[in-house]
Every structure is written in C-alpha cells, then in structure tokens.
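Below: coords-v8.cif (mmCIF, C-alpha atoms)
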data_protein
loop_
_atom_site.label_atom_id
_atom_site.label_comp_id
_atom_site.auth_asym_id
_atom_site.auth_seq_id
_atom_site.Cartn_x
_atom_site.Cartn_y
_atom_site.Cartn_z
CA MET A 266 121.10 19.33 104.00
CA ASN A 267 118.47 16.60 104.02
CA ALA A 268 117.16 14.41 106.86
CA ARG A 269 119.92 11.89 106.27
CA GLY A 270 122.58 14.51 106.96
CA MET A 271 123.77 14.86 103.37
CA TYR A 272 123.74 17.87 101.05
CA GLU A 273 121.47 17.87 98.01
CA PRO A 274 121.94 20.12 94.97
CA ASP A 275 119.58 23.02 94.38
CA PHE A 276 119.16 22.78 90.61
CA ALA A 277 117.11 25.96 90.41
CA SER A 278 120.00 28.13 91.64
CA SER A 279 122.71 26.34 89.65
CA GLU A 280 125.02 28.83 87.95
CA SER A 281 126.45 26.34 85.46
CA GLU A 282 125.09 23.55 83.31
CA ILE A 283 124.93 20.71 85.83
CA ASN A 284 125.91 18.02 83.31
CA ASN A 285 129.13 19.86 82.59
CA VAL A 286 130.36 20.21 86.17
CA CYS A 287 128.92 17.35 88.23
CA PRO A 288 131.69 14.74 88.73
CA PHE A 289 129.17 11.93 88.14
CA PHE A 290 126.89 13.36 85.43
CA SER A 291 129.78 14.64 83.30
CA ASP A 292 130.96 12.41 80.45
CA ARG A 293 134.51 13.60 81.06
CA SER A 294 136.53 10.95 82.91
CA GLU A 295 139.38 11.65 85.32
CA THR A 296 141.81 10.32 82.69
CA GLU A 297 140.53 12.73 80.04
CA ILE A 298 140.65 15.72 82.39
CA ALA A 299 144.13 14.83 83.68
CA LYS A 300 145.43 14.37 80.13
CA THR A 301 144.54 17.95 79.18
CA ILE A 302 146.35 19.22 82.30
CA PHE A 303 149.39 16.99 82.72
CA ALA A 304 150.14 15.05 79.50
CA ALA A 305 152.44 17.73 78.07
CA THR A 306 154.47 18.10 81.30
CA LYS A 307 158.14 17.25 80.84
CA GLY A 308 159.09 13.97 82.51
CA ILE A 309 155.48 12.99 83.27
CA ARG A 310 154.57 9.30 83.39
CA GLU A 311 151.24 7.51 83.59
CA ASN A 312 149.98 4.62 85.68
CA GLU A 313 146.67 2.80 85.27
CA PHE A 314 145.67 3.27 88.91
CA ILE A 315 147.22 6.54 90.11
CA GLY A 316 147.11 8.41 86.80
CA PHE A 317 149.86 10.84 85.77
CA TYR A 318 152.85 11.38 88.06
CA LEU A 319 156.25 13.07 88.16
CA SER A 320 157.28 11.40 91.42
CA THR A 321 155.86 9.26 94.20
CA TYR A 322 156.94 9.32 97.85
CA ALA A 323 156.29 8.10 101.35
CA GLY A 324 157.39 10.12 104.36
CA TYR A 325 156.65 13.05 106.63
CA VAL A 326 157.40 16.68 107.47
CA ALA A 327 160.33 17.05 109.86
CA GLU A 328 160.10 20.79 110.55
CA ASP A 329 157.83 22.77 112.85
CA SER A 330 154.66 21.06 114.12
CA PHE A 331 153.14 20.07 110.78
CA ARG A 332 153.33 16.34 111.48
CA GLU A 333 152.06 16.60 115.04
CA GLY A 334 149.13 18.78 113.98
CA GLY A 335 148.05 16.67 111.00
CA SER A 336 146.20 13.39 110.59
CA SER A 337 149.24 11.70 109.14
CA GLY A 338 152.68 12.95 108.06
CA GLY A 339 151.74 16.63 107.79
CA PHE A 340 152.59 17.00 104.10
CA GLY A 341 149.27 18.56 103.06
CA THR A 342 149.45 21.48 105.45
CA TRP A 343 153.17 21.90 104.71
CA VAL A 344 152.78 22.23 100.95
CA LEU A 345 149.83 24.60 101.36
CA SER A 346 151.88 26.71 103.77
CA ARG A 347 154.63 26.88 101.14
CA PHE A 348 152.10 28.14 98.59
CA LEU A 349 151.34 31.00 100.98
CA SER A 350 154.92 31.73 102.09
CA GLU A 351 156.20 31.72 98.48
CA ASN A 352 153.30 34.01 97.44
CA LEU A 353 152.12 31.46 94.91
CA VAL A 354 148.56 31.98 96.19
CA ASP A 355 146.79 34.49 98.42
CA GLY A 356 144.53 31.97 100.14
CA VAL A 357 143.69 28.31 100.57
CA ILE A 358 140.17 26.93 100.06
CA HIS A 359 139.77 24.01 102.48
CA VAL A 360 137.54 22.46 105.14
CA LYS A 361 137.59 24.13 108.56
CA PRO A 362 135.62 23.97 111.81
CA SER A 363 132.28 25.73 111.23
CA SER A 364 131.52 29.11 112.72
CA GLY A 365 127.77 28.59 112.40
CA LYS A 366 125.23 26.40 114.14
CA GLY A 367 123.95 23.05 112.95
CA VAL A 368 127.10 21.82 111.19
CA LEU A 369 130.56 21.10 112.58
CA PHE A 370 132.66 21.72 109.45
CA GLU A 371 132.45 23.82 106.31
CA TYR A 372 134.58 25.05 103.44
CA GLY A 373 136.37 28.30 104.18
CA ILE A 374 139.41 30.34 103.13
CA SER A 375 142.66 30.64 105.05
CA ASN A 376 144.91 33.58 104.22
CA SER A 377 147.67 32.87 106.75
CA ILE A 378 149.72 29.85 107.81
CA GLU A 379 148.39 30.19 111.36
CA ASP A 380 144.79 30.05 110.11
CA LEU A 381 145.67 27.23 107.73
CA LYS A 382 146.97 25.03 110.54
CA LYS A 383 143.65 25.35 112.37
CA GLY A 384 142.05 23.57 109.43
CA ALA A 385 144.47 20.63 109.39
CA LYS A 386 143.35 17.00 109.82
CA SER A 387 140.78 14.77 108.15
CA ARG A 388 137.09 15.62 108.39
CA TYR A 389 134.74 12.68 107.85
CA TYR A 390 131.79 15.00 107.48
CA PRO A 391 129.58 16.40 104.68
CA VAL A 392 130.65 19.74 103.19
CA GLU A 393 129.91 21.78 100.06
CA PHE A 394 131.70 24.75 98.52
CA SER A 395 129.08 26.89 96.77
CA GLY A 396 129.38 29.59 99.44
CA VAL A 397 133.13 29.79 99.29
CA LEU A 398 133.04 30.04 95.47
CA ARG A 399 130.83 33.12 95.75
CA GLU A 400 133.54 34.64 97.93
CA VAL A 401 136.19 33.69 95.37
CA ARG A 402 134.23 35.41 92.60
CA LYS A 403 134.11 38.68 94.54
CA SER A 404 137.88 38.86 94.95
CA GLN A 405 140.80 39.24 92.58
CA LYS A 406 142.97 36.86 94.63
CA LYS A 407 144.58 33.56 93.69
CA TYR A 408 143.83 30.33 95.53
CA ALA A 409 144.70 26.69 96.12
CA PHE A 410 141.79 24.27 96.42
CA VAL A 411 141.81 21.18 98.68
CA GLY A 412 139.37 18.31 98.33
CA VAL A 413 138.63 14.62 97.96
CA PRO A 414 138.70 13.17 94.41
CA CYS A 415 135.12 13.99 93.35
CA PHE A 416 135.40 17.54 94.76
CA VAL A 417 138.65 18.19 92.88
CA LYS A 418 137.13 16.77 89.70
CA ALA A 419 134.07 19.01 90.12
CA ALA A 420 136.26 22.07 90.65
CA ARG A 421 138.37 21.17 87.60
CA LEU A 422 135.23 20.79 85.49
CA LEU A 423 133.97 24.13 86.77
CA CYS A 424 137.25 25.74 85.73
CA GLU A 425 136.81 24.30 82.22
CA ASN A 426 133.39 25.95 82.01
CA ASP A 427 133.99 29.13 84.01
CA ASP A 428 136.90 31.42 83.10
CA GLU A 429 136.46 33.53 86.22
CA ILE A 430 136.95 30.56 88.58
CA ALA A 431 139.74 29.17 86.38
CA ASP A 432 141.60 32.46 86.74
CA ARG A 433 141.31 32.35 90.55
CA ILE A 434 142.17 28.73 91.45
CA LEU A 435 145.77 27.91 90.52
CA PHE A 436 146.52 24.71 92.43
CA PHE A 437 144.51 21.64 93.36
CA VAL A 438 145.52 19.46 96.31
CA GLY A 439 143.78 16.07 96.35
CA LEU A 440 143.16 13.76 99.29
CA VAL A 441 143.04 9.97 99.01
CA CYS A 442 139.48 8.95 99.86
CA GLY A 443 137.76 5.77 101.05
CA HIS A 444 134.27 7.26 100.80
CA LEU A 445 132.33 10.23 102.15
CA LYS A 446 130.15 10.20 105.26
CA SER A 447 126.89 11.86 106.14
CA LYS A 448 126.50 14.04 109.23
CA ARG A 449 125.10 10.98 111.01
CA PHE A 450 128.53 9.33 111.19
CA ALA A 451 129.72 11.94 113.71
CA ASP A 452 126.36 11.76 115.47
CA MET A 453 126.68 7.98 115.79
CA LEU A 454 130.16 8.18 117.30
CA ALA A 455 129.09 10.76 119.87
CA TRP A 456 125.71 9.24 120.78
CA GLN A 457 127.09 5.83 121.71
CA LYS A 458 129.37 7.58 124.22
CA GLY A 459 126.51 9.45 125.86
CA ILE A 460 126.51 12.68 123.82
CA LYS A 461 123.30 13.02 121.82
CA PRO A 462 123.36 14.44 118.26
CA ASP A 463 121.93 17.82 119.34
CA GLU A 464 124.58 18.03 122.09
CA LEU A 465 127.59 17.43 119.81
CA ARG A 466 129.76 20.55 119.48
CA ALA A 467 133.09 19.36 118.03
CA ILE A 468 134.88 16.19 116.97
CA ASP A 469 138.47 15.25 116.14
CA PHE A 470 138.35 12.11 114.00
CA ARG A 471 142.12 11.54 114.00
CA GLN A 472 143.77 12.06 117.37
CA LYS A 473 147.28 10.63 117.57
CA PHE A 474 148.65 8.54 120.42
CA SER A 475 152.29 8.39 121.44
CA SER A 476 152.57 4.65 120.84
CA GLY A 477 151.06 1.89 118.74
CA PRO A 478 150.47 1.68 114.99
CA ALA A 479 149.36 4.78 113.08
CA SER A 480 146.06 3.06 112.27
CA ASN A 481 145.18 2.82 115.97
CA TYR A 482 144.33 6.50 116.39
CA GLY A 483 141.78 8.07 118.69
CA ILE A 484 138.61 10.14 118.44
CA GLU A 485 137.97 13.18 120.61
CA ILE A 486 134.40 14.35 121.10
CA ARG A 487 133.20 17.59 122.68
CA GLY A 488 129.61 17.82 123.76
CA GLU A 489 127.35 19.91 125.93
CA LYS A 490 124.98 18.45 128.51
CA ASP A 491 122.96 20.61 130.87
CA ARG A 492 125.13 23.57 129.73
CA LYS A 493 128.29 21.79 130.89
CA ALA A 494 131.03 20.89 128.45
CA GLU A 495 131.97 17.23 128.16
CA ILE A 496 135.17 16.01 126.51
CA LEU A 497 136.08 12.39 125.90
CA ALA A 498 138.87 10.76 123.88
CA GLU A 499 139.06 7.06 123.14
CA ARG A 500 140.71 4.82 120.60
CA ALA A 501 138.71 4.56 117.38
CA SER A 502 138.56 0.78 117.73
CA SER A 503 136.31 1.20 120.80
CA PHE A 504 133.56 2.85 118.73
CA TYR A 505 130.72 0.82 117.29
CA GLY A 506 130.42 1.17 113.51
CA TYR A 507 133.78 2.83 112.90
CA ASN A 508 135.02 0.01 110.63
CA TRP A 509 135.41 1.72 107.25
CA GLY A 510 134.54 -1.47 105.39
CA TYR A 511 130.98 -1.36 106.73
CA GLY A 512 130.31 1.85 104.80
CA PHE A 513 127.90 3.24 107.38
CA PHE A 514 126.27 6.53 106.24
CA LYS A 515 127.92 6.41 102.82
CA PRO A 516 126.30 8.39 99.97
CA ARG A 517 125.28 6.11 97.11
CA ALA A 518 127.39 8.11 94.67
CA CYS A 519 130.53 6.78 96.37
CA ASP A 520 129.70 3.30 95.04
CA PHE A 521 130.12 4.68 91.51
CA CYS A 522 133.54 6.31 91.97
CA ASP A 523 136.71 4.86 90.41
CA ASP A 524 139.19 7.53 91.53
CA VAL A 525 141.03 6.57 94.74
CA VAL A 526 143.95 9.02 94.76
CA SER A 527 142.45 12.17 93.17
CA GLU A 528 143.99 11.82 89.72
CA THR A 529 143.04 15.33 88.57
CA ALA A 530 144.92 17.06 91.42
CA ASP A 531 148.36 18.70 91.12
CA VAL A 532 149.44 16.67 94.14
CA SER A 533 147.71 13.81 95.94
CA ILE A 534 148.18 12.97 99.61
CA GLY A 535 147.13 9.97 101.68
CA ASP A 536 148.09 7.65 104.52
CA ALA A 537 151.02 5.28 104.05
CA TRP A 538 149.21 2.08 105.04
CA LEU A 539 152.34 0.04 104.36
CA PRO A 540 154.10 -2.47 106.66
CA GLU A 541 157.30 -0.44 106.69
CA TYR A 542 155.56 2.76 107.85
CA VAL A 543 152.37 1.85 109.70
CA ASP A 544 154.07 1.16 113.05
CA ASP A 545 155.08 4.82 113.39
CA SER A 546 152.33 6.33 115.54
CA LYS A 547 153.21 9.86 114.38
CA GLY A 548 151.87 9.07 110.89
CA THR A 549 153.32 8.87 107.40
CA ASN A 550 152.04 10.19 104.07
CA VAL A 551 152.09 8.81 100.57
CA VAL A 552 152.48 11.60 98.01
CA VAL A 553 151.92 11.73 94.23
CA VAL A 554 153.34 14.86 92.55
CA ARG A 555 152.10 15.91 89.09
CA ASN A 556 152.88 19.63 88.95
CA PRO A 557 156.47 20.89 88.27
CA VAL A 558 156.04 23.85 90.66
CA ILE A 559 155.14 21.48 93.49
CA GLN A 560 158.02 19.21 92.50
CA GLU A 561 160.39 22.14 93.00
CA LEU A 562 158.94 22.79 96.47
CA VAL A 563 159.36 19.11 97.35
CA ASP A 564 162.94 18.98 96.04
CA SER A 565 163.79 22.10 98.05
CA GLY A 566 162.11 20.64 101.16
CA ILE A 567 164.06 17.39 100.89
CA LYS A 568 167.33 19.24 100.38
CA SER A 569 166.78 21.51 103.40
CA GLY A 570 165.73 18.60 105.63
CA ALA A 571 162.20 19.95 106.08
CA LEU A 572 160.86 16.82 104.39
CA ARG A 573 161.86 13.24 105.08
CA LEU A 574 160.55 11.52 101.99
CA ASP A 575 161.49 8.15 100.53
CA SER A 576 161.12 7.83 96.78
CA ILE A 577 158.88 4.80 96.18
CA PRO A 578 157.49 3.17 93.01
CA PRO A 579 153.84 3.75 92.02
CA GLU A 580 153.13 0.13 92.94
CA LYS A 581 153.74 1.04 96.58
CA ILE A 582 151.17 3.84 96.40
CA ILE A 583 148.69 1.31 95.04
CA GLU A 584 149.62 -1.20 97.76
CA SER A 585 149.06 1.44 100.45
CA GLN A 586 145.44 1.76 99.28
CA GLU A 587 144.90 -1.87 98.29
CA GLY A 588 141.38 -2.15 99.73
CA GLY A 589 140.32 1.10 98.08
CA PHE A 590 141.45 -0.01 94.63
CA ARG A 591 139.80 -3.40 95.02
CA HIS A 592 136.51 -1.70 95.99
CA ARG A 593 136.71 1.01 93.29
CA ARG A 594 137.89 -1.15 90.40
CA ASP A 595 137.21 -4.92 90.68
CA LEU A 596 134.09 -4.61 92.80
CA LEU A 597 132.85 -1.50 90.99
CA ALA A 598 132.70 -3.67 87.86
CA TYR A 599 130.32 -5.98 89.71
CA ARG A 600 128.24 -3.10 91.11
CA LEU A 601 127.74 -1.88 87.53
CA VAL A 602 126.43 -5.34 86.59
CA LEU A 603 123.99 -5.16 89.50
CA ALA A 604 122.82 -1.72 88.35
CA GLU A 605 122.28 -3.02 84.81
CA GLU A 606 120.30 -6.01 86.09
CA GLN A 607 118.06 -3.61 88.06
CA GLY A 608 117.62 -1.39 85.01
CA GLU A 609 119.20 1.55 86.87
CA TRP A 610 121.08 4.44 85.34
CA TYR A 611 124.71 4.74 86.35
CA PRO A 612 127.45 7.21 85.42
CA ARG A 613 129.97 6.50 82.70
CA LYS A 614 133.00 4.86 84.29
CA ARG A 615 136.46 3.74 83.20
CA VAL A 616 135.58 0.28 84.54
CA GLU A 617 133.44 -2.00 82.40
CA PRO A 618 130.58 -4.02 83.96
CA LYS A 619 131.87 -7.52 84.79
CA LYS A 620 130.98 -10.38 87.09
CA ASP A 621 133.18 -13.18 85.75
CA GLY A 622 136.44 -13.74 87.62
CA ILE A 623 135.23 -12.11 90.84
CA ASP A 624 135.29 -14.27 93.96
CA GLU A 625 131.76 -15.34 94.95
CA ARG A 626 132.31 -14.28 98.56
CA TYR A 627 133.33 -10.81 97.41
CA LYS A 628 130.19 -10.58 95.30
CA LYS A 629 128.15 -11.23 98.44
CA ILE A 630 130.29 -8.77 100.41
CA THR A 631 129.68 -6.13 97.71
CA VAL A 632 125.92 -6.54 98.02
CA LEU A 633 126.11 -6.47 101.81
CA ARG A 634 128.14 -3.26 101.77
CA MET A 635 125.47 -1.60 99.64
CA GLN A 636 122.78 -2.88 102.00
CA LEU A 637 124.71 -1.76 105.09
CA ALA A 638 125.09 1.76 103.71
CA GLU A 639 121.41 2.06 102.86
CA LYS A 640 120.24 0.43 106.08
CA SER A 641 122.42 2.71 108.23
CA HIS A 642 120.51 5.78 107.01
CA SER A 643 117.05 4.40 107.72
CA ALA A 644 118.08 2.67 110.97
CA PHE A 645 119.50 5.89 112.39
CA GLU A 646 116.30 7.75 111.58
CA LYS A 647 114.41 5.10 113.57
CA ALA A 648 116.82 5.46 116.48
CA LEU A 649 116.37 9.24 116.49
CA LYS A 650 112.58 8.90 116.57
CA ALA A 651 112.84 6.38 119.43
CA ASP A 652 115.50 8.49 121.19
CA ASP A 653 117.47 5.27 121.70
CA PHE A 654 120.84 4.43 120.13
CA GLU A 655 120.31 0.72 120.81
CA VAL A 656 117.56 0.75 118.17
CA PHE A 657 120.22 1.54 115.57
CA LYS A 658 122.44 -1.36 116.70
CA THR A 659 119.52 -3.79 116.72
CA GLU A 660 118.52 -2.77 113.19
CA MET A 661 122.08 -3.19 111.87
CA LYS A 662 122.91 -6.47 113.65
CA PRO A 663 121.66 -9.08 111.11
CA LEU A 664 123.55 -7.53 108.19
CA LEU A 665 126.70 -7.01 110.27
CA LEU A 666 126.78 -10.63 111.43
CA GLU A 667 126.58 -11.87 107.85
CA TYR A 668 129.15 -9.32 106.63
CA ASP A 669 131.68 -10.18 109.36
CA ARG A 670 131.28 -13.89 108.67
CA LEU A 671 131.92 -13.52 104.95
CA TYR A 672 134.70 -10.97 105.37
CA ARG A 673 136.65 -13.14 107.80
CA LYS A 674 136.59 -15.98 105.26
CA SER A 675 137.66 -13.69 102.42
CA PHE A 676 140.40 -12.12 104.53
CA ALA A 677 141.77 -15.52 105.51
CA SER A 678 141.67 -16.63 101.86
CA ARG A 679 143.46 -13.45 100.76
CA VAL A 680 146.20 -13.87 103.40
CA LEU A 681 146.73 -17.49 102.34
CA SER A 682 146.98 -16.51 98.67
CA LYS A 683 149.47 -13.76 99.49
CA ALA A 684 151.56 -16.17 101.58
CA LYS A 685 151.65 -18.62 98.66
CA ARG A 686 152.81 -15.86 96.29
CA VAL A 687 155.59 -14.85 98.71
CA LEU A 688 156.76 -18.45 99.11
CA LYS A 689 156.72 -18.92 95.34
CA LYS A 690 158.84 -15.78 94.84
CA ARG A 691 161.31 -16.96 97.46
CA LYS A 692 161.57 -20.37 95.79
CA ILE A 693 162.18 -18.75 92.39
CA ARG A 694 164.80 -16.46 93.94
CA LYS A 695 166.63 -19.42 95.51
CA ILE A 696 166.66 -21.32 92.21
CA ARG A 697 167.90 -18.21 90.37
CA ASP A 698 170.65 -17.63 92.93
CA ARG A 699 171.74 -21.27 92.70
CA LEU A 700 171.88 -21.12 88.91
CA HIS A 701 173.86 -17.88 89.12
CA PHE A 702 176.34 -19.60 91.49
CA LEU A 703 176.77 -22.52 89.07
CA VAL A 704 177.38 -20.18 86.15
#

Could you spell out this file's structure in structure tokens?
Amino acid sequence: MNARGMYEPDFASSESEINNVCPFFSDRSETEIAKTIFAATKGIRENEFIGFYLSTYAGYVAEDSFREGGSSGGFGTWVLSRFLSENLVDGVIHVKPSSGKGVLFEYGISNSIEDLKKGAKSRYYPVEFSGVLREVRKSQKKYAFVGVPCFVKAARLLCENDDEIADRILFFVGLVCGHLKSKRFADMLAWQKGIKPDELRAIDFRQKFSSGPASNYGIEIRGEKDRKAEILAERASSFYGYNWGYGFFKPRACDFCDDVVSETADVSIGDAWLPEYVDDSKGTNVVVVRNPVIQELVDSGIKSGALRLDSIPPEKIIESQEGGFRHRRDLLAYRLVLAEEQGEWYPRKRVEPKKDGIDERYKKITVLRMQLAEKSHSAFEKALKADDFEVFKTEMKPLLLEYDRLYRKSFASRVLSKAKRVLKKRKIRKIRDRLHFLV
C-alpha cells in the first residue's frame, strides 16, 4: 500500500503475465469475456448496458436477518449462503473486517453461513486478493468469488490463464460499483469527527435507520483515544466529502472503467435507487441473473417466500444506476478525448472517444471530477503533515465551489428536460386515448 492509501502491483512477484490478467491492460473486453461464458446459455438475452441476462429483479430477502444485516436488500449474503447450504461451494471469497493491524478490511474466506454474515455490507476501502488466492491454491475446495466489476473481470481473466484457479472458483458474484476509494476516504470520515487516522479501529459505511429514504443511511465509526474506545454514528449527509459525485480519493483507473454492473459475473447485485423503492429505509436490491443454477435458487426462493422480488425490465436496472452509466459511458467518451489530447495512453474501451453532443457544462464537470480526485490525494497528505484536517478542506474548497455551481445548473437542466419528456408522453397518451375512443 502506498502513501496515498492504495495498493500497487508488485510486478516482480507476479505469477501470471500481467497483460493477460489485469482488467485494464488486457485487450479482452467485458463483452468478449461474458460472451464466452454466457452466450450459449438457454434463454439468455443481451443488453447494451447490463450485458447478458436471464432475468432482472428488484426486491429483498424476507427470511432470517439477511436484509437487516446487509447494506441493502440482503440478496448478496442470501445467495452466497445458499451456495454453502446447497453444498455448491465449500467457501466464499469476500471482503471481511481485517484481523491484522494497519488496514480495516481484507479479502478472506468464509466456510460457514455464520462467518459469511460477519462479512456482509459494503466496504468503501482498498483491498487486494493475492493472499487469499495463495490459500485457494493450497486447497482442493470449491469457492464463490465476490467483487466489484474490475475485480470480477480480473478473476475471470486469471481463470482463463490459470487452470488451477479455474478449477477452484465456480461462481462469481458481482457488485454494482460507483468507483473505488483509497484508505484515506475512511480516514477523512473519522478525522473530521475527532478520530485521527491512526486512532481509527473500525467503520460501518452503511448503517440503516428505521425511517427515511434508503439513501439517507448512517456511518458508524469506532476509534481509540487515550486507550479509551470511542463510538459515534451519524447520518452520512453530515460528513464532509461524502458526496459520491466529488470522487474524493478515487484511483485514476476508475475513470477508465465502462462496466457499471459487473457484466462478467454470474449474478450482479446493487441498490435499487428507484422512486418506487428508495423510500423503504430497510433497503432494496436490483439483481441481474446470468447463471441457470442461480436462477433456480432465485425461483425456489421466490416460491418459498424467502425472496420478495419484482420482475423488472433491464431499463429499470439502468435507471437505478443512471448517474453511473452517464459517467462510465457518455462522459468516459469525453475523458478518452482528453487523454488523447494529452498524448496519454489509455486502456482499450468499448466506448469510442467523443466530445460532440456532450453538454458543455458536463464537460467542465468531467474535468473538475478528475481534478477533485487528484487534488484530494495531495491535499490529504498536506493535512496529515500539518496534523490539521482543516488544511484538507481549505485545499479542496475552490474546486468544490466551482463543481457545486456547475452541478446545480446541470441538475436543474436535467430535471427540466425530464419533466418535458414526461409531459410530452402524457400528451401523446391523451391523444392516443382520444383517438381510440373515437374509433
């Protein structure tokens, strides 16, 4: 882990050809990888934005405490628990609270449902899985792997180049991702509440409240000052820099990703940020199923009442992650143009470089997001040296003021455009109904 709180690869100890397995260096796109895995599946369909799919849902787990113990609807932990209870796998490779010092979370293996549940919830924290793969190699067991899109893609690529790993990992569970964070994101949240980075001991990024919209969740921080434990829990909205759009402490690689929903995974899971679900404070998942075995588990779960899932069209999955797709598709095209103009190398993407047809305000917002991400790293280093969190805020202020000004204008423009589209649809519907009546 480097000074910015992000992992760097050790090329000298790499066990595989890096170009073949790195999700950004590889010439293999998510579409190409997914096609080799899912294209021959009976009943499979394909969508430009979510990739292959057998079915798409929104809902939650109604049995046990899966929903209460998860970040959202509890589906991820539920399906992984079914893998274990049905003896489809011996263990689950996923992110868990760290047992060592210096980091809060790490990849580990859970062999029981009880252990699995301890690793539930979202972790906005840097992790890597080289250590856990060494453990997988030593065993003869079968596993399910859980990760964000680039992690799942990397693991899939590794399986294509490594028969031993391919034989061990049978299922891939993908998480919808906005972008990754460095270790400094957790440090920032804790420090502004009086717990310095070296005093931070644990953090829950997604604590649910009994009322309010699902998006208005809380953050619980555990620290240690003068050998006394401190615990605080506040709504996420009270934390400086939590706004995901700012992209604080984002790795630069995330700006060159075009996979929002983890298209190479057997099943993808995210938050149902949709008007019809977001008011439920308990949380609701969107789910994309691509694997027939998982489809059988889902069908059985719906039939037994364990799952309360509504079948929804793929367009609803896309709508639930509207901002993510805009950033990873339309605005990625513009970021590629910027990279070309700077003479920079960038990975092969499914999006072509383009600047025509993109709103001028969004072009400026795109540049500001890149600047905010980069500035956050250097500004936090300055704050650490000065031992003063206010230094970080002062450094970030000019960019944030400009970003908020532009974003408010773009948001207002987007709302107005959407309102016009709705009114137009209603007008067309009224005319159609009137014509139908006359006929």

Nearest to Phe289 in chain A: which of A:Glu333, A:Asp536, A:Asp524, A:Asp469 is it, counting only C-alpha atoms?
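Once distances to Phe289 in chain A are computed over only C-alpha atoms, the minimum belongs to A:Asp524.
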
For the structure shown, which residues end up in the PyMOL selection byres ((chain A and resi 634-642) around 7)? Put them as a PDB file with C-alpha atoms, in the frame of the given file, please?
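The resulting file, selection-v6.pdb, is reproduced below:
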ATOM      1  CA  ARG A 269     119.920  11.890 106.270  1.00  0.00           C
ATOM      2  CA  TYR A 511     130.980  -1.360 106.730  1.00  0.00           C
ATOM      3  CA  GLY A 512     130.310   1.850 104.800  1.00  0.00           C
ATOM      4  CA  PHE A 513     127.900   3.240 107.380  1.00  0.00           C
ATOM      5  CA  PHE A 514     126.270   6.530 106.240  1.00  0.00           C
ATOM      6  CA  LYS A 515     127.920   6.410 102.820  1.00  0.00           C
ATOM      7  CA  ILE A 630     130.290  -8.770 100.410  1.00  0.00           C
ATOM      8  CA  THR A 631     129.680  -6.130  97.710  1.00  0.00           C
ATOM      9  CA  VAL A 632     125.920  -6.540  98.020  1.00  0.00           C
ATOM     10  CA  LEU A 633     126.110  -6.470 101.810  1.00  0.00           C
ATOM     11  CA  SER A 643     117.050   4.400 107.720  1.00  0.00           C
ATOM     12  CA  ALA A 644     118.080   2.670 110.970  1.00  0.00           C
ATOM     13  CA  PHE A 645     119.500   5.890 112.390  1.00  0.00           C
ATOM     14  CA  GLU A 646     116.300   7.750 111.580  1.00  0.00           C
ATOM     15  CA  MET A 661     122.080  -3.190 111.870  1.00  0.00           C
ATOM     16  CA  LEU A 664     123.550  -7.530 108.190  1.00  0.00           C
TER      17      LEU A 664
END

Can you translate the PyMOL selection byres ((chain A and resi 531) around 8) into the concrete residues it hits in this file, as a PDB file with C-alpha atoms, keeping the file's coordinate frame?
ATOM      1  CA  PHE A 436     146.520  24.710  92.430  1.00  0.00           C
ATOM      2  CA  PHE A 437     144.510  21.640  93.360  1.00  0.00           C
ATOM      3  CA  VAL A 438     145.520  19.460  96.310  1.00  0.00           C
ATOM      4  CA  GLY A 439     143.780  16.070  96.350  1.00  0.00           C
ATOM      5  CA  THR A 529     143.040  15.330  88.570  1.00  0.00           C
ATOM      6  CA  ALA A 530     144.920  17.060  91.420  1.00  0.00           C
ATOM      7  CA  VAL A 532     149.440  16.670  94.140  1.00  0.00           C
ATOM      8  CA  SER A 533     147.710  13.810  95.940  1.00  0.00           C
ATOM      9  CA  VAL A 554     153.340  14.860  92.550  1.00  0.00           C
ATOM     10  CA  ARG A 555     152.100  15.910  89.090  1.00  0.00           C
ATOM     11  CA  ASN A 556     152.880  19.630  88.950  1.00  0.00           C
ATOM     12  CA  ILE A 559     155.140  21.480  93.490  1.00  0.00           C
TER      13      ILE A 559
END

Could you state the separation of CA of Tyr318 in chain A and CA of Asp355 in chain A in Å, given to one decimal place?
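If I compute the distance from CA of Tyr318 in chain A to CA of Asp355 in chain A, I get 26.0 Å.
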
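Interatomic distance, CA of Ile484 in chain A to CA of Ile583 in chain A: 27.0 Å.
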
One number please: CA of Leu422 in chain A to CA of Pro579 in chain A, in Å, one decimal.
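Between CA of Leu422 in chain A and CA of Pro579 in chain A the gap is 26.1 Å.
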
Can you pull out the residues contacting Lys383 in chain A? Cut-off 9 Å, using only C-alpha atoms, and skip same-chain residues under 6 positions away; I want them as JSON, numbers by chain.
{"A": [334, 361, 362]}

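With distances taken from (147.8, 1.1, 85.0) and restricted to all atoms listed in the file, the residues inside 12 Å are Thr296, Arg310, Glu311, Asn312, Glu313, Phe314, Ile315, Gly316, Phe317, Tyr318, Pro579, Glu580, Ile583, Phe590, Arg594 and Arg615 of chain A.
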
Contacts of range 562-573 of chain A at 10 Å (all atoms listed in the file; same-chain gap of 2+ positions) as JSON, numbers by chain
{"A": [320, 322, 323, 324, 325, 326, 327, 328, 329, 338, 339, 340, 343, 344, 347, 348, 351, 549, 554, 557, 558, 559, 560, 575, 576]}

If we count all atoms listed in the file, what is near Glu655 in chain A at a cut-off of 12 Å, once residues fewer than 2 positions away on the same chain are taken out, given as a ChimeraX atom specification?
/A:453,456-459,505,644-645,647-649,651-653,657-662

Skip Ala420 in chain A itself and residues of its chain fewer than 6 positions away, then list as number ranges by chain all residues within 10 Å of it, counting all atoms listed in the file.
A: 286-288, 394, 398, 410-412, 414, 426-427, 430-431, 434, 437, 529

Can you list what the PyMOL selection byres ((chain A and resi 404) around 12) grabs from this structure, as a ChimeraX atom specification?
/A:355-356,374,397-403,405-408,429-430,432-434
